[in-house]
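**Q** Have a look at this one.
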Amino acid sequence: MWEGSGSQGGKAWAGRFRERTHALVEMFTSSLAYDRGLYAHDILGSIAHCKTLERAKVLTSKESRAIIRGLGLVKTELDADRFPFAPSDEDIHMAIERRLTELIGPVGGKLHTGRSRNDQVALDIRLFLRDAVCLLIERVRLLQRALLTQAKTHLGIAIPGYTHLQRAQPVLLSHHWLAYVEMLDRDAGRLQDAFQRLNVMPLGSGALAGSNYPVDRLYTAKLLGFPAVSENSLDAVSDRDFAVEILSACALIIMHLSRFSEELVLWSSQEFQFIELPDGFCTGSSMMPQKKNPDIPELVRGKTGRVYGHLIGMLTVLKGLPLSYNRDLQEDKEGIFDTLDTVANSLEVLAHLIPGIQVRRKQMAQAVERGFLLATELADYLVTKGVPFREAHSIVGQVVRTCVDRGQDLSGLTLADLRAVSPRFEADALKMLTVQGAIDRKAQIGGTAQRRVAARIKVLERVLR
Ligand code: ARG
């Protein structure tokens, strides 16, 4: 219920105010529903802050010990989900501090010396994101390994490669899986890059101007495992670039997952029949008894929308903000949390689905036989006979047209058929028309030749071990 006047009791900033906070305002400004997810990192940061104050002789070691012990008690309550939240708790930072003071008395009020929620929350998100990014990288690796195993298991199977979703040239199925392993490798790299800029310690920036106390910020950083401290307090309390970078790395990950998912949907359809998805990862229809639906890849594809949305949301929150902290920044959290959950879960569920994919070799073998996949081979053959490529392209175009007219594929051609189009075709021309040959001629770095693909699998196996 959004009624009545709010509570003033217990608010840390109540001193300046004559009127109570309106109940609507309490509800509207509260971030507790979601920032409680930061509690463990908030307490970690507070312990480091407390030790820093002690070292600066702002707190005695007795006070510091009492506070750290109290923070431990608070954490136990939060861990066990029996923390008594109060209506006056604006956010997790206030809630923890209030409870700390209840538990250990007025000395709890010394913890916030030389600190503002502005540098505190900046620290908390960075601490939280450091863990989250590590988990995400692990998940990316998990998916890469699943794909790599499929690639290794099915080495040697040819499928049509597509452009414009039209059959183009034969490629190895493994080459196709590995394309996603490469994408994911860049994704992991982007997360690692972002981690470097994330890994900077903002505490000691105060509300915006810095700290009046002789705190050794490098010491705080060391306690928390940060290799660097922020160099400008105004920037440090209002910077969320690091979050944008991570959201954008996540947007690219889910875009890759969405493309992959789209292929799973297509490939498992009656129209393609290239793969069979594991039953445990599909769902049925409430009406049509025959249905087996690829809901997992569909949902991953669908979830891409919210991840892109959070990236745009974050950028939009930031775009008009004057220095330094503004309450708008509180809007950073839900999008961050949801993005990380969504992307981590999508990576995980796909990594578990992939080992259950059954490859339908027969359908794949039939598919490579149709669609003039070897037309380019014939053109390249003519080039070896000295025909300029443009001319060769046009000659083979005529060959294909003849086949289309006759309703047959290239494999049905005789040498006489070829020579009727161009005398430049010789007896060895028909030898070009094998899928295996077409694949193995793509032998440059990055090509689909089997020995290349096998070599790449070896390298990736080493990297991903
Ligand atoms: N809940 C706030 C946030 O997430 C904490 C900082 C509040 N700072 C302030 N000056 N009101 O941004």
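Please note that chains go A, B, ... in the order of the structure tokens, that every chain numbers its residues from 1, and that ligands are numbered from 1 in the order shown.
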With a distance cut-off of 6 Å and only C-alpha atoms, select the neighbouring residues of stretch 265-275 of chain A, excluding the residue or stretch itself and same-chain residues fewer than 2 positions from it, and output the selection as a ChimeraX atom specification.

**A** /A:262-263,358-360,363-364

**Q** Write out, as an mmCIF file, in the first residue's frame, the residues just selected, with C-alpha atoms.

**A**
```
data_model
loop_
_atom_site.group_PDB
_atom_site.id
_atom_site.type_symbol
_atom_site.label_atom_id
_atom_site.label_comp_id
_atom_site.auth_asym_id
_atom_site.auth_seq_id
_atom_site.Cartn_x
_atom_site.Cartn_y
_atom_site.Cartn_z
ATOM 1 C CA GLU A 262 18.629 -19.465 -34.883
ATOM 2 C CA GLU A 263 20.672 -22.159 -36.589
ATOM 3 C CA GLN A 358 22.422 -35.680 -32.697
ATOM 4 C CA VAL A 359 23.904 -35.089 -36.088
ATOM 5 C CA ARG A 360 21.888 -36.536 -38.970
ATOM 6 C CA GLN A 363 20.470 -35.625 -44.381
ATOM 7 C CA MET A 364 23.697 -33.670 -44.422
#
```

**Q** According to DSSP computed on the backbone, where in stretch 255-411 of chain A is there helix (DSSP H, G or I)? Give the residues as a count of residues only.

**A** 110

**Q** So, with only C-alpha atoms and all ligand atoms as the atoms that count, which of A:Ser258, A:Ser324, A:Thr163, A:Thr113 lies closest to ligand 1?

**A** A:Ser324

**Q** For stretch 235-248 of chain A, work out the shell of residues within 6 Å, counting only C-alpha atoms and skipping chain neighbours fewer than 5 positions away, then give it as a ChimeraX atom specification.

**A** /A:118-119,198,202,311,324-325

**Q** Just want the residues within 12 Å of ligand 1, written as a ChimeraX atom specification, counting only C-alpha atoms and all ligand atoms.

**A** /A:11-13,28-38,42,89-95,115-125,206-208,237-240,324-334

**Q** One decimal, Å: what's the distance from atom CA of A:Ile137 over to atom CA of A:Ala344, could you say?

**A**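 These two atoms are separated by 9.1 Å.
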
**Q** Of the candidates A:Asn199, A:Gln150, A:Thr414, A:Ser64, which shows the shortest atom-to-atom distance to A:Ser46, using only C-alpha atoms?

**A** A:Ser64

**Q** Set the distance at 12 Å and use only C-alpha atoms: which residues neighbour A:Gly437 once local chain neighbours fewer than 2 positions away are removed? I'd like the list as a PyMOL selection string.

**A** chain A and resi 158+169-172+374+377-378+381+430-435+439-443+448-450

**Q** Using only C-alpha atoms, which residues sit within 12 Å of A:Glu102 once same-chain residues fewer than 6 positions away are excluded, as a CSV table (one decimal) with all heavy atoms, in the first residue's frame?

**A**
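So the final result, stored in around_28.csv, reads:
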```
chain,number,residue,atom,x,y,z
A,10,GLY,N,15.5,6.5,12.2
A,10,GLY,CA,16.6,5.7,11.8
A,10,GLY,C,17.3,6.2,10.5
A,10,GLY,O,18.3,5.6,10.1
A,67,ILE,N,33.8,-3.2,15.0
A,67,ILE,CA,33.0,-3.0,13.8
A,67,ILE,C,33.1,-4.2,12.8
A,67,ILE,O,32.1,-4.7,12.3
A,67,ILE,CB,33.5,-1.7,13.0
A,67,ILE,CG1,33.1,-0.5,13.9
A,67,ILE,CG2,32.9,-1.6,11.6
A,67,ILE,CD1,33.7,0.8,13.4
A,70,GLY,N,31.0,-6.9,14.2
A,70,GLY,CA,29.6,-6.6,13.9
A,70,GLY,C,29.2,-6.9,12.5
A,70,GLY,O,28.2,-7.4,12.2
A,71,LEU,N,30.1,-6.5,11.6
A,71,LEU,CA,29.8,-6.7,10.1
A,71,LEU,C,29.7,-8.2,9.9
A,71,LEU,O,28.9,-8.6,9.0
A,71,LEU,CB,30.9,-6.1,9.3
A,71,LEU,CG,30.9,-4.6,9.2
A,71,LEU,CD1,32.2,-4.0,8.5
A,71,LEU,CD2,29.7,-4.1,8.4
A,73,LEU,N,28.5,-10.3,12.0
A,73,LEU,CA,27.2,-10.7,12.5
A,73,LEU,C,26.1,-10.4,11.5
A,73,LEU,O,25.2,-11.1,11.2
A,73,LEU,CB,26.9,-10.0,13.8
A,73,LEU,CG,27.8,-10.4,15.0
A,73,LEU,CD1,27.5,-9.5,16.2
A,73,LEU,CD2,27.7,-11.9,15.3
A,74,VAL,N,26.2,-9.1,10.9
A,74,VAL,CA,25.3,-8.7,9.9
A,74,VAL,C,25.3,-9.6,8.7
A,74,VAL,O,24.2,-10.0,8.2
A,74,VAL,CB,25.6,-7.2,9.5
A,74,VAL,CG1,24.7,-6.8,8.3
A,74,VAL,CG2,25.4,-6.3,10.6
A,84,PRO,N,16.7,-8.3,9.7
A,84,PRO,CA,15.5,-7.6,9.9
A,84,PRO,C,15.5,-6.2,9.1
A,84,PRO,O,15.9,-5.2,9.6
A,84,PRO,CB,15.5,-7.3,11.4
A,84,PRO,CG,16.9,-7.3,11.8
A,84,PRO,CD,17.6,-8.2,10.8
A,95,ALA,N,20.9,-0.1,5.3
A,95,ALA,CA,20.4,-1.2,6.1
A,95,ALA,C,21.5,-1.8,6.9
A,95,ALA,O,21.3,-2.1,8.1
A,95,ALA,CB,19.7,-2.2,5.2
A,96,ILE,N,22.6,-2.0,6.2
A,96,ILE,CA,23.7,-2.7,6.9
A,96,ILE,C,24.3,-1.8,8.0
A,96,ILE,O,24.5,-2.3,9.2
A,96,ILE,CB,24.8,-3.1,5.9
A,96,ILE,CG1,24.3,-4.2,5.0
A,96,ILE,CG2,26.1,-3.5,6.6
A,96,ILE,CD1,25.3,-4.6,3.9
A,108,GLY,N,29.4,1.7,15.8
A,108,GLY,CA,29.0,1.3,14.4
A,108,GLY,C,28.9,2.6,13.6
A,108,GLY,O,29.1,2.6,12.4
A,109,GLY,N,28.5,3.7,14.2
A,109,GLY,CA,28.4,5.0,13.5
A,109,GLY,C,29.7,5.5,13.1
A,109,GLY,O,29.7,6.5,12.3
```

**Q** Which one is closest to A:Ala66: A:Val25, A:Lys110, A:Ser394, A:Ala48? Count only C-alpha atoms.

**A**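 Ranked by minimum distance to A:Ala66, first place goes to A:Lys110.
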
**Q** Distance atom CA of A:Thr153-atom CA of A:Gly446, one decimal place?

**A** 19.7 Å

**Q** Please determine, counting only C-alpha atoms, which residue among A:Leu252, A:Ile445, A:Cys50, A:Val229 has the shortest atom-to-atom distance to A:Arg190.

**A**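 Going through A:Leu252, A:Ile445, A:Cys50, A:Val229 one by one, the smallest distance to A:Arg190 is for A:Leu252.
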